[in-house]
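Peer 1: Below is the file coords.cif, which contains mmCIF, C-alpha atoms and all ligand atoms.
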```
data_structure
loop_
_atom_site.label_atom_id
_atom_site.label_comp_id
_atom_site.auth_asym_id
_atom_site.auth_seq_id
_atom_site.Cartn_x
_atom_site.Cartn_y
_atom_site.Cartn_z
CA MET A 1 142.37 158.72 41.45
CA THR A 2 138.95 158.88 39.88
CA HIS A 3 137.58 162.35 39.24
CA HIS A 4 134.22 162.52 37.52
CA ALA A 5 133.16 166.03 38.50
CA ASP A 6 130.15 166.09 36.19
CA HIS A 7 128.66 162.83 37.37
CA GLU A 8 128.46 161.19 40.78
CA LEU A 9 129.59 157.59 40.56
CA ALA A 10 127.48 154.79 41.99
CA GLN A 11 128.84 152.67 44.84
CA ASP A 12 129.27 149.61 42.62
CA THR A 13 131.45 151.68 40.29
CA ILE A 14 133.47 153.26 43.10
CA VAL A 15 134.54 149.85 44.41
CA VAL A 16 136.11 149.14 41.02
CA ALA A 17 137.31 152.57 39.91
CA SER A 18 138.56 154.23 43.08
CA GLY A 19 142.13 154.09 44.34
CA ARG A 20 143.77 153.60 40.96
CA PRO A 21 147.21 155.00 40.07
CA PRO A 22 147.27 158.14 37.88
CA ARG A 23 146.46 157.59 34.17
CA GLU A 24 149.95 157.90 32.80
CA HIS A 25 151.66 156.10 29.97
CA ASP A 26 153.00 152.73 31.17
CA ALA A 27 151.63 153.28 34.68
CA PRO A 28 150.20 150.12 36.26
CA VAL A 29 146.42 149.92 36.56
CA ASN A 30 146.77 148.58 40.10
CA PRO A 31 148.71 150.28 42.86
CA PRO A 32 151.96 148.57 43.81
CA ILE A 33 152.77 147.12 47.22
CA VAL A 34 155.42 149.32 48.79
CA LEU A 35 157.63 147.41 51.18
CA SER A 36 159.67 150.05 52.91
CA SER A 37 159.89 150.93 56.58
CA THR A 38 161.35 154.34 55.86
CA PHE A 39 161.26 157.01 53.15
CA HIS A 40 163.77 159.45 51.70
CA GLU A 41 163.88 162.72 53.53
CA ALA A 42 162.37 165.66 51.72
CA VAL A 43 164.92 168.23 50.60
CA ASP A 44 162.59 170.86 51.96
CA PRO A 45 161.47 169.65 55.40
CA ALA A 46 158.19 171.55 54.97
CA VAL A 47 157.26 169.21 52.11
CA GLY A 48 156.67 165.50 52.33
CA ASP A 49 155.24 163.71 55.32
CA ARG A 50 155.90 160.02 54.67
CA ILE A 51 158.98 159.95 56.87
CA TYR A 52 158.60 156.48 58.44
CA GLY A 53 156.48 153.35 57.96
CA ARG A 54 154.51 153.72 61.18
CA MET A 55 153.29 157.11 60.01
CA SER A 56 152.31 156.24 56.46
CA ASN A 57 152.77 153.83 53.60
CA PRO A 58 151.86 154.50 49.94
CA THR A 59 150.02 151.14 49.83
CA TRP A 60 147.50 152.45 52.39
CA ASP A 61 146.54 155.49 50.34
CA PRO A 62 144.43 153.94 47.54
CA PHE A 63 142.48 151.77 49.99
CA GLU A 64 141.89 154.72 52.29
CA GLU A 65 140.78 156.85 49.36
CA ALA A 66 138.38 154.17 48.09
CA LEU A 67 136.81 153.49 51.50
CA GLY A 68 136.47 157.21 52.25
CA GLN A 69 134.66 157.66 48.95
CA LEU A 70 132.40 154.67 49.57
CA GLU A 71 131.38 155.96 52.99
CA GLY A 72 130.73 159.40 51.50
CA ALA A 73 133.47 160.91 53.69
CA ALA A 74 135.06 164.21 52.78
CA LEU A 75 138.46 162.73 53.70
CA PRO A 76 140.31 159.48 53.06
CA ALA A 77 139.63 156.72 55.62
CA LEU A 78 142.33 155.47 58.00
CA VAL A 79 143.36 151.82 57.87
CA PHE A 80 144.34 149.99 61.08
CA SER A 81 145.90 146.62 61.91
CA SER A 82 142.48 145.23 62.91
CA GLY A 83 138.90 146.23 63.49
CA LEU A 84 139.60 146.23 67.20
CA GLY A 85 142.67 148.43 66.68
CA ALA A 86 140.34 150.87 64.93
CA ALA A 87 137.84 150.54 67.79
CA ALA A 88 140.53 151.43 70.33
CA ALA A 89 141.35 154.56 68.33
CA ALA A 90 137.66 155.49 68.11
CA LEU A 91 137.21 155.06 71.88
CA SER A 92 140.20 157.37 72.43
CA LEU A 93 137.89 160.20 71.31
CA VAL A 94 136.10 159.96 74.68
CA PRO A 95 137.48 162.41 77.24
CA THR A 96 138.84 160.73 80.36
CA GLY A 97 136.02 160.50 82.90
CA GLY A 98 133.42 160.76 80.13
CA VAL A 99 130.42 158.54 79.45
CA VAL A 100 130.14 155.97 76.65
CA VAL A 101 126.76 154.56 75.64
CA MET A 102 127.02 151.17 73.98
CA PRO A 103 124.63 148.47 72.80
CA ARG A 104 124.16 145.57 75.25
CA HIS A 105 124.70 143.33 72.24
CA ALA A 106 127.47 144.12 69.78
CA TYR A 107 130.67 142.49 68.59
CA ALA A 108 132.02 140.82 71.75
CA GLY A 109 135.52 142.25 71.25
CA SER A 110 134.20 145.82 71.18
CA LEU A 111 132.16 145.13 74.33
CA SER A 112 135.16 143.62 76.11
CA LEU A 113 137.42 146.48 75.06
CA ALA A 114 134.96 149.04 76.42
CA ASP A 115 134.51 146.99 79.62
CA ASP A 116 138.26 146.89 80.08
CA GLU A 117 138.67 150.63 79.59
CA ALA A 118 135.76 151.31 81.94
CA ALA A 119 137.23 148.97 84.58
CA ARG A 120 140.46 150.96 84.42
CA GLY A 121 138.51 154.14 85.06
CA ARG A 122 138.96 155.62 81.60
CA PHE A 123 135.24 156.28 81.21
CA ALA A 124 131.84 155.22 82.52
CA LEU A 125 129.86 152.78 80.43
CA VAL A 126 126.09 152.67 79.94
CA ARG A 127 124.60 149.68 78.12
CA VAL A 128 121.40 150.02 76.10
CA ASP A 129 119.08 148.01 73.93
CA VAL A 130 119.71 149.81 70.62
CA ALA A 131 116.39 148.65 69.23
CA ASP A 132 114.65 150.59 72.04
CA THR A 133 114.95 154.15 70.73
CA ASP A 134 113.52 155.81 73.86
CA GLN A 135 115.96 153.95 76.07
CA VAL A 136 118.91 155.22 74.02
CA LEU A 137 117.56 158.76 73.77
CA ALA A 138 117.23 158.88 77.58
CA THR A 139 121.00 158.40 77.97
CA LEU A 140 122.13 161.15 75.64
CA ASP A 141 121.98 164.08 78.11
CA THR A 142 124.99 162.80 80.00
CA ALA A 143 126.78 160.91 77.20
CA ASP A 144 130.03 161.87 75.47
CA LEU A 145 130.11 159.09 72.90
CA LEU A 146 127.34 156.94 71.45
CA TRP A 147 128.58 153.66 69.95
CA LEU A 148 126.17 152.08 67.50
CA GLU A 149 126.15 148.76 65.74
CA SER A 150 123.10 147.79 63.71
CA PRO A 151 122.11 145.09 62.99
CA THR A 152 123.87 143.93 66.16
CA ASN A 153 126.25 141.00 66.25
CA PRO A 154 124.89 138.34 66.71
CA MET A 155 121.33 139.24 67.82
CA LEU A 156 120.57 141.24 64.67
CA GLU A 157 118.65 143.95 66.52
CA VAL A 158 118.04 146.94 64.27
CA ALA A 159 118.51 150.50 65.59
CA ASP A 160 116.71 153.57 64.31
CA LEU A 161 120.03 155.01 63.14
CA ARG A 162 118.53 158.14 61.63
CA THR A 163 116.72 159.19 64.83
CA LEU A 164 119.48 158.18 67.24
CA ILE A 165 122.28 159.88 65.32
CA ALA A 166 120.28 163.10 64.83
CA ALA A 167 119.41 163.23 68.55
CA ALA A 168 122.98 162.48 69.61
CA LYS A 169 124.37 165.21 67.37
CA ALA A 170 121.79 167.68 68.68
CA ALA A 171 122.97 166.80 72.23
CA GLY A 172 126.64 167.29 71.27
CA VAL A 173 127.45 163.57 71.58
CA THR A 174 130.13 162.02 69.33
CA VAL A 175 128.68 159.13 67.31
CA VAL A 176 130.69 156.10 66.18
CA VAL A 177 128.91 153.51 64.03
CA ASP A 178 130.34 150.05 63.47
CA ASN A 179 129.23 149.49 59.88
CA THR A 180 130.94 146.12 59.43
CA PHE A 181 127.74 144.08 58.99
CA ASN A 182 126.26 146.49 56.46
CA THR A 183 129.19 147.66 54.35
CA PRO A 184 128.85 151.13 52.79
CA LEU A 185 126.75 149.57 50.02
CA VAL A 186 123.93 148.92 52.49
CA CYS A 187 124.32 151.88 54.86
CA LYS A 188 126.28 155.15 54.95
CA PRO A 189 126.13 156.33 58.57
CA LEU A 190 127.99 159.58 57.78
CA ASP A 191 124.96 160.56 55.66
CA PHE A 192 122.85 160.25 58.83
CA GLY A 193 125.30 162.58 60.61
CA ALA A 194 127.60 160.09 62.37
CA ASP A 195 131.08 161.37 63.20
CA VAL A 196 133.04 158.16 62.66
CA VAL A 197 132.33 154.92 60.81
CA LEU A 198 134.20 151.78 61.83
CA HIS A 199 134.91 148.66 59.82
CA SER A 200 136.41 145.34 60.55
CA VAL A 201 137.91 145.23 57.04
CA THR A 202 138.61 141.58 57.86
CA LYS A 203 134.98 140.87 56.95
CA TYR A 204 133.10 141.99 53.82
CA LEU A 205 135.45 144.71 52.58
CA ALA A 206 138.41 142.37 52.17
CA GLY A 207 135.96 139.51 51.75
CA HIS A 208 138.15 136.41 51.49
CA SER A 209 138.99 135.55 55.11
CA ASP A 210 142.67 136.05 54.42
CA VAL A 211 143.48 139.29 56.23
CA VAL A 212 142.80 140.95 59.58
CA LEU A 213 142.39 144.70 59.16
CA GLY A 214 140.30 147.61 60.37
CA ALA A 215 139.40 151.11 59.25
CA LEU A 216 137.77 154.34 60.35
CA ALA A 217 136.16 156.96 58.13
CA THR A 218 135.21 160.52 59.09
CA SER A 219 134.51 163.83 57.39
CA ASP A 220 135.76 165.84 60.37
CA ALA A 221 139.37 166.96 59.87
CA ALA A 222 140.02 167.50 63.59
CA VAL A 223 138.65 164.06 64.46
CA ARG A 224 140.72 162.48 61.70
CA THR A 225 143.84 164.19 63.03
CA ASP A 226 143.17 162.72 66.50
CA LEU A 227 142.56 159.24 65.08
CA LEU A 228 145.69 159.43 62.95
CA LYS A 229 147.70 160.55 65.97
CA HIS A 230 146.35 157.58 67.93
CA ARG A 231 147.30 155.19 65.13
CA THR A 232 150.81 156.59 64.87
CA LEU A 233 151.50 156.69 68.61
CA HIS A 234 149.88 153.38 69.52
CA GLY A 235 151.27 151.71 66.43
CA ALA A 236 148.21 149.70 65.31
CA ILE A 237 149.29 149.97 61.69
CA ALA A 238 148.45 147.68 58.82
CA GLY A 239 150.96 145.66 56.81
CA PRO A 240 151.20 146.81 53.17
CA PHE A 241 150.42 143.34 51.78
CA GLU A 242 147.22 143.06 53.84
CA VAL A 243 146.02 146.45 52.64
CA TRP A 244 146.79 145.53 49.04
CA LEU A 245 144.74 142.34 49.48
CA ALA A 246 141.90 144.36 50.99
CA LEU A 247 141.80 146.69 47.99
CA ARG A 248 141.86 143.68 45.69
CA GLY A 249 138.94 142.22 47.63
CA LEU A 250 137.06 145.51 47.59
CA ARG A 251 136.89 145.41 43.79
CA THR A 252 134.24 142.67 43.96
CA LEU A 253 132.42 143.95 47.05
CA ALA A 254 129.25 144.91 45.19
CA LEU A 255 128.95 141.53 43.48
CA ARG A 256 129.73 139.63 46.65
CA VAL A 257 127.27 141.58 48.77
CA GLU A 258 124.53 141.29 46.16
CA ARG A 259 124.97 137.53 45.96
CA SER A 260 125.39 136.85 49.67
CA GLN A 261 122.36 139.00 50.52
CA ALA A 262 120.23 137.17 47.94
CA ASN A 263 121.46 133.85 49.36
CA ALA A 264 120.64 134.98 52.90
CA LEU A 265 117.09 135.98 51.96
CA TYR A 266 116.60 132.63 50.25
CA LEU A 267 117.93 130.66 53.21
CA ALA A 268 116.14 132.71 55.88
CA ASP A 269 112.78 131.98 54.27
CA LYS A 270 113.50 128.26 54.28
CA LEU A 271 114.93 128.27 57.81
CA ALA A 272 111.90 130.17 59.12
CA GLN A 273 109.76 127.16 58.22
CA HIS A 274 112.06 124.53 59.70
CA PRO A 275 110.66 122.66 62.72
CA ALA A 276 114.09 122.13 64.32
CA LEU A 277 114.46 125.86 64.90
CA THR A 278 112.82 127.80 67.69
CA ARG A 279 113.64 131.21 66.18
CA VAL A 280 115.21 132.76 63.10
CA ARG A 281 116.65 136.25 63.43
CA PHE A 282 117.09 138.03 60.10
CA PRO A 283 115.91 141.58 59.33
CA GLY A 284 114.94 140.49 55.82
CA LEU A 285 112.08 138.36 57.15
CA ALA A 286 108.80 140.30 57.16
CA THR A 287 108.09 138.85 60.63
CA ASP A 288 111.39 140.08 62.12
CA PRO A 289 111.00 142.89 64.72
CA GLY A 290 113.63 144.97 62.88
CA HIS A 291 112.23 144.40 59.39
CA GLN A 292 110.45 147.71 58.84
CA ARG A 293 113.31 149.79 60.20
CA ALA A 294 115.83 147.93 58.08
CA ALA A 295 113.63 148.28 55.00
CA ASP A 296 113.30 152.03 55.63
CA GLN A 297 116.94 152.81 56.45
CA LEU A 298 119.14 150.18 54.84
CA ASN A 299 119.78 149.28 51.25
CA GLY A 300 119.51 145.54 51.93
CA PHE A 301 119.19 143.15 54.85
CA GLY A 302 122.75 141.85 55.11
CA SER A 303 124.04 138.30 54.91
CA ILE A 304 124.05 137.22 58.56
CA ILE A 305 121.30 135.00 59.93
CA SER A 306 121.09 133.92 63.55
CA ILE A 307 119.09 130.80 64.28
CA GLU A 308 118.11 129.29 67.59
CA LEU A 309 117.83 125.58 68.25
CA ALA A 310 116.19 123.67 71.07
CA ASP A 311 119.35 123.52 73.20
CA VAL A 312 123.14 123.71 73.20
CA ALA A 313 123.48 120.07 72.15
CA ALA A 314 121.32 120.69 69.09
CA GLY A 315 123.35 123.79 68.21
CA GLU A 316 126.61 121.87 68.54
CA ALA A 317 125.17 118.94 66.56
CA LEU A 318 124.21 121.24 63.69
CA VAL A 319 127.68 122.81 63.51
CA ALA A 320 129.26 119.35 63.64
CA ALA A 321 127.03 117.93 60.90
CA VAL A 322 127.45 120.49 58.11
CA ARG A 323 129.83 119.57 55.30
CA LEU A 324 129.88 122.61 53.03
CA TRP A 325 129.45 125.33 55.65
CA LEU A 326 132.70 125.86 57.52
CA PRO A 327 132.59 125.69 61.32
CA ALA A 328 134.62 128.80 62.14
CA THR A 329 134.24 132.18 63.74
CA SER A 330 134.25 135.43 61.71
CA LEU A 331 132.01 136.45 58.84
CA GLY A 332 131.83 138.35 55.59
CA GLY A 333 134.00 136.08 53.44
CA VAL A 334 133.05 134.38 50.18
CA GLU A 335 132.66 131.09 52.05
CA SER A 336 129.72 130.37 54.34
CA LEU A 337 130.64 130.07 58.03
CA ILE A 338 128.66 128.67 60.94
CA GLU A 339 129.27 129.15 64.64
CA ARG A 340 127.50 128.72 67.98
CA ARG A 341 128.34 132.13 69.34
CA ARG A 342 128.33 131.38 73.06
CA ARG A 343 131.39 129.21 72.48
CA GLN A 344 133.23 132.53 72.54
CA PRO A 345 134.03 133.46 76.14
CA GLY A 346 133.39 137.21 75.65
CA GLU A 347 129.87 136.78 74.32
CA PRO A 348 127.21 138.40 76.59
CA ALA A 349 125.16 135.96 78.69
CA THR A 350 121.97 137.42 77.18
CA VAL A 351 122.87 135.84 73.82
CA PRO A 352 121.01 132.51 73.85
CA GLU A 353 123.26 129.49 74.40
CA ALA A 354 121.66 127.69 71.45
CA LEU A 355 122.05 130.61 69.02
CA VAL A 356 124.00 129.69 65.90
CA ARG A 357 125.23 132.47 63.64
CA LEU A 358 125.37 131.89 59.92
CA SER A 359 127.59 134.06 57.73
CA VAL A 360 126.12 133.43 54.31
CA GLY A 361 128.66 133.35 51.49
CA ILE A 362 128.39 133.40 47.74
CA GLU A 363 128.09 129.68 47.00
CA ASN A 364 125.11 128.27 45.15
CA PRO A 365 122.09 128.76 47.45
CA GLU A 366 120.66 125.30 46.74
CA ASP A 367 123.91 123.70 47.88
CA LEU A 368 123.94 125.80 51.03
CA TRP A 369 120.34 124.83 51.80
CA ALA A 370 120.88 121.15 51.02
CA ASP A 371 123.76 121.06 53.49
CA LEU A 372 121.78 122.80 56.25
CA GLU A 373 118.78 120.60 55.58
CA GLN A 374 120.73 117.36 55.94
CA ALA A 375 122.39 118.65 59.11
CA LEU A 376 119.08 119.83 60.59
CA ALA A 377 117.08 116.71 59.67
CA PRO A 378 118.01 114.64 62.75
CA LEU A 379 117.27 117.65 64.96
CA ARG A 380 113.60 117.87 64.00
CA PRO A 381 111.26 117.06 66.91
CA GLY A 382 111.14 113.26 66.84
CA GLY A 383 114.20 113.14 64.53
CA ASP A 384 117.06 110.72 65.18
CA SER A 385 119.80 112.83 66.76
CA THR A 386 121.87 109.84 67.85
CA ARG A 387 123.56 109.10 64.52
C1 LIG B 401 130.89 143.92 63.94
C2 LIG B 401 132.36 143.75 64.21
N1 LIG B 401 133.09 144.81 64.54
C3 LIG B 401 134.42 144.71 64.80
C4 LIG B 401 135.06 143.49 64.76
C5 LIG B 401 136.52 143.41 65.12
O1 LIG B 401 137.30 143.33 63.98
P1 LIG B 401 138.71 142.56 63.89
O2 LIG B 401 138.44 141.12 64.17
O3 LIG B 401 139.14 142.87 62.51
O4 LIG B 401 139.60 143.16 64.93
C6 LIG B 401 134.34 142.35 64.40
C7 LIG B 401 135.02 141.04 64.33
O5 LIG B 401 134.41 139.99 64.37
C8 LIG B 401 132.95 142.48 64.13
O6 LIG B 401 132.18 141.42 63.81
#
```
Let's see the structure in the file written out as structure tokens.
Ligand SMILES: Cc1ncc(COP(=O)(O)O)c(C=O)c1O
Peer 2:
Amino acid sequence: MTHHADHELAQDTIVVASGRPPREHDAPVNPPIVLSSTFHEAVDPAVGDRIYGRMSNPTWDPFEEALGQLEGAALPALVFSSGLGAAAAALSLVPTGGVVVMPRHAYAGSLSLADDEAARGRFALVRVDVADTDQVLATLDTADLLWLESPTNPMLEVADLRTLIAAAKAAGVTVVVDNTFNTPLVCKPLDFGADVVLHSVTKYLAGHSDVVLGALATSDAAVRTDLLKHRTLHGAIAGPFEVWLALRGLRTLALRVERSQANALYLADKLAQHPALTRVRFPGLATDPGHQRAADQLNGFGSIISIELADVAAGEALVAAVRLWLPATSLGGVESLIERRRRQPGEPATVPEALVRLSVGIENPEDLWADLEQALAPLRPGGDSTR
């Protein structure tokens, strides 16, 4: 535990210092992995709440403490078996028969999960363009839960988080923000008044593409109790080893995000001038429709770039031709990944077929550019794409 009552620690210190074992002689500096499905009964049943491994595990605690602190939550976060497991718990906050407002573009799994719940009659679903503030505001009168993701996956639309969250709270609407793309280093939605922050820990927080995990953070004790109850009863719990890896990954989050964001800015500028591309979506570009909002509300522009090529064949050819970039889904790892998103069956039809999402990693930016450049060269108008 890190207590520095006289001085508020910066985010890039919290990632390193939080979630450490107590400073005792011979104590380890890193928390151990506890592999136990059950725990000794307390002598006094009023004390001790570990009980059983679906309810808690000591390996979860330091990660939950660190993420809670990073998000500025008054309470420790809750870790789940996946981002989507966390999303299911967050959606359980909606009363049956209620109304959920969701972005038309967002992580496809979250969209499909909400569609599925709506189809079963759990709640009604209203889809909005989150970049269109008036459109979102117009839905709030009848909404129970507003789901936000910004920048959206993979369209990179930027929402006016500050305005939307304030209006939703004033209307008594519960706000859940998927903060996966930003990380708490770039945005702290609880500071804007959001009720719950969601992470696919699989991505930047763990950062090495070696675990699947999710998490929720909240400052509201009653909401946390409901989310914890959902986790315990539905059983979407994390394995201790995965959570230990996530905390290990979190230690370098600030360095990784700094580097991948710098790489993304560098690459986006170059891509914006490339004749083989019809559009580059990246909030860091001054010409991007979300640029000003992102500059005003976020502490960085993220490390995801979406590019559009002439057609599907060109998109597929680019993914097939890269040598350093890895053709794989997912994002937020140290390695750069490339994917034509519409290959995924759940992706909305309004995502262009020829959109290719780049998850920029921490490699040398010149190497990343050289690889893209050689793969894009035959796709230039008049280029030889038959090789
Ligand atoms: C923005 C976003 N939210 C949530 C998820 C779901 O997380 P997981 O794959 O860990 O279940 C993803 C996964 O790609 C994502 O990109």
Peer 1: Tell me, as a list in words, which residues lie within 10 Å of A:Ser219, counting only C-alpha atoms; anything in the same chain fewer than 5 positions away does not count.
Peer 2: Gly68, Glu71, Gly72, Ala73, Ala74, Leu75, Pro76, Ala77, Leu190, Gly193, Ala194, Asp195, Val196, Val197 and Arg224 of chain A
Peer 1: Return the single residue from A:Val130, A:Met155, A:Ala118, A:Leu253 that is closest to A:Pro283, with distances computed using only C-alpha atoms.
Peer 2: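 Looking at the shortest contact to A:Pro283, the residue is A:Met155.
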Peer 1: As a quick test: using all atoms listed in the file, which residues lie no more than 8 Å away from ligand LIG 401 (chain B)? Give them as an MDAnalysis selection string.
Peer 2: chainID A and resid 81:87 106:110 149 152:153 178:181 198:203 212:214 329:331
Peer 1: What does the distance between atom CA of A:Pro327 and atom CA of A:Gly239 come to in Å, to one decimal place?
Peer 2: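 Separation of atom CA of A:Pro327 and atom CA of A:Gly239: 27.5 Å.
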Peer 1: For A:Val360, which of A:Ala276, A:Ala317, A:Leu67, A:Ala268 is the closest residue, counting all atoms listed in the file?
Peer 2: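 That would be A:Ala268, the residue with the smallest distance to A:Val360.
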Peer 1: Please list, as an mmCIF file with C-alpha atoms, in the frame of the given file, the residues that have an atom at most 12 Å away from (139.6, 150.1, 51.2) in the coordinates of this file, counting only C-alpha atoms.
Peer 2:
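The result, stored in selection.cif:
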```
data_model
loop_
_atom_site.group_PDB
_atom_site.id
_atom_site.type_symbol
_atom_site.label_atom_id
_atom_site.label_comp_id
_atom_site.auth_asym_id
_atom_site.auth_seq_id
_atom_site.Cartn_x
_atom_site.Cartn_y
_atom_site.Cartn_z
ATOM 1 C CA ILE A 14 133.470 153.260 43.100
ATOM 2 C CA VAL A 15 134.540 149.850 44.410
ATOM 3 C CA VAL A 16 136.110 149.140 41.020
ATOM 4 C CA ALA A 17 137.310 152.570 39.910
ATOM 5 C CA SER A 18 138.560 154.230 43.080
ATOM 6 C CA GLY A 19 142.130 154.090 44.340
ATOM 7 C CA ARG A 20 143.770 153.600 40.960
ATOM 8 C CA THR A 59 150.020 151.140 49.830
ATOM 9 C CA TRP A 60 147.500 152.450 52.390
ATOM 10 C CA ASP A 61 146.540 155.490 50.340
ATOM 11 C CA PRO A 62 144.430 153.940 47.540
ATOM 12 C CA PHE A 63 142.480 151.770 49.990
ATOM 13 C CA GLU A 64 141.890 154.720 52.290
ATOM 14 C CA GLU A 65 140.780 156.850 49.360
ATOM 15 C CA ALA A 66 138.380 154.170 48.090
ATOM 16 C CA LEU A 67 136.810 153.490 51.500
ATOM 17 C CA GLY A 68 136.470 157.210 52.250
ATOM 18 C CA GLN A 69 134.660 157.660 48.950
ATOM 19 C CA LEU A 70 132.400 154.670 49.570
ATOM 20 C CA GLU A 71 131.380 155.960 52.990
ATOM 21 C CA PRO A 76 140.310 159.480 53.060
ATOM 22 C CA ALA A 77 139.630 156.720 55.620
ATOM 23 C CA LEU A 78 142.330 155.470 58.000
ATOM 24 C CA VAL A 79 143.360 151.820 57.870
ATOM 25 C CA PHE A 80 144.340 149.990 61.080
ATOM 26 C CA THR A 183 129.190 147.660 54.350
ATOM 27 C CA PRO A 184 128.850 151.130 52.790
ATOM 28 C CA HIS A 199 134.910 148.660 59.820
ATOM 29 C CA SER A 200 136.410 145.340 60.550
ATOM 30 C CA VAL A 201 137.910 145.230 57.040
ATOM 31 C CA THR A 202 138.610 141.580 57.860
ATOM 32 C CA LYS A 203 134.980 140.870 56.950
ATOM 33 C CA TYR A 204 133.100 141.990 53.820
ATOM 34 C CA LEU A 205 135.450 144.710 52.580
ATOM 35 C CA ALA A 206 138.410 142.370 52.170
ATOM 36 C CA GLY A 207 135.960 139.510 51.750
ATOM 37 C CA LEU A 213 142.390 144.700 59.160
ATOM 38 C CA GLY A 214 140.300 147.610 60.370
ATOM 39 C CA ALA A 215 139.400 151.110 59.250
ATOM 40 C CA LEU A 216 137.770 154.340 60.350
ATOM 41 C CA ALA A 217 136.160 156.960 58.130
ATOM 42 C CA ALA A 238 148.450 147.680 58.820
ATOM 43 C CA GLU A 242 147.220 143.060 53.840
ATOM 44 C CA VAL A 243 146.020 146.450 52.640
ATOM 45 C CA TRP A 244 146.790 145.530 49.040
ATOM 46 C CA LEU A 245 144.740 142.340 49.480
ATOM 47 C CA ALA A 246 141.900 144.360 50.990
ATOM 48 C CA LEU A 247 141.800 146.690 47.990
ATOM 49 C CA ARG A 248 141.860 143.680 45.690
ATOM 50 C CA GLY A 249 138.940 142.220 47.630
ATOM 51 C CA LEU A 250 137.060 145.510 47.590
ATOM 52 C CA ARG A 251 136.890 145.410 43.790
ATOM 53 C CA THR A 252 134.240 142.670 43.960
ATOM 54 C CA LEU A 253 132.420 143.950 47.050
#
```
Peer 1: Work out how far apart atom CA of A:Leu156 and atom CA of A:Asp288 are and give it in Å to one decimal.
Peer 2: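 Those two atoms sit 9.6 Å apart.
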Peer 1: Compile the contact shell of A:Ala370 as a list in words: residues with an atom at most 12 Å away, counting all atoms listed in the file, same-chain residues fewer than 5 positions apart removed.
Peer 2: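 Returned residues: Leu267, Lys270, Leu271, Val322, Arg323, Leu324, Trp325, Glu363, Asn364, Pro365, Ala375, Leu376 and Ala377 of chain A.
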Peer 1: Near A:Ala286, within 12 Å and counting only C-alpha atoms, which residues show up once chain neighbours fewer than 6 positions away are dropped, as a list in words?
Peer 2: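 Selected residues are Leu265, Ala268, Asp269, Ala272, Val280, Gln292, Arg293, Ala294, Ala295 and Phe301 of chain A.
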Peer 1: Excluding A:Val257 and its own-chain neighbours fewer than 6 positions away, which residues fall within 10 Å of it when counting all atoms listed in the file? Please give them as a PyMOL selection string.
Peer 2: chain A and resi 182-183+185-186+204-205+207+263+300+302-303+332-334+360-362
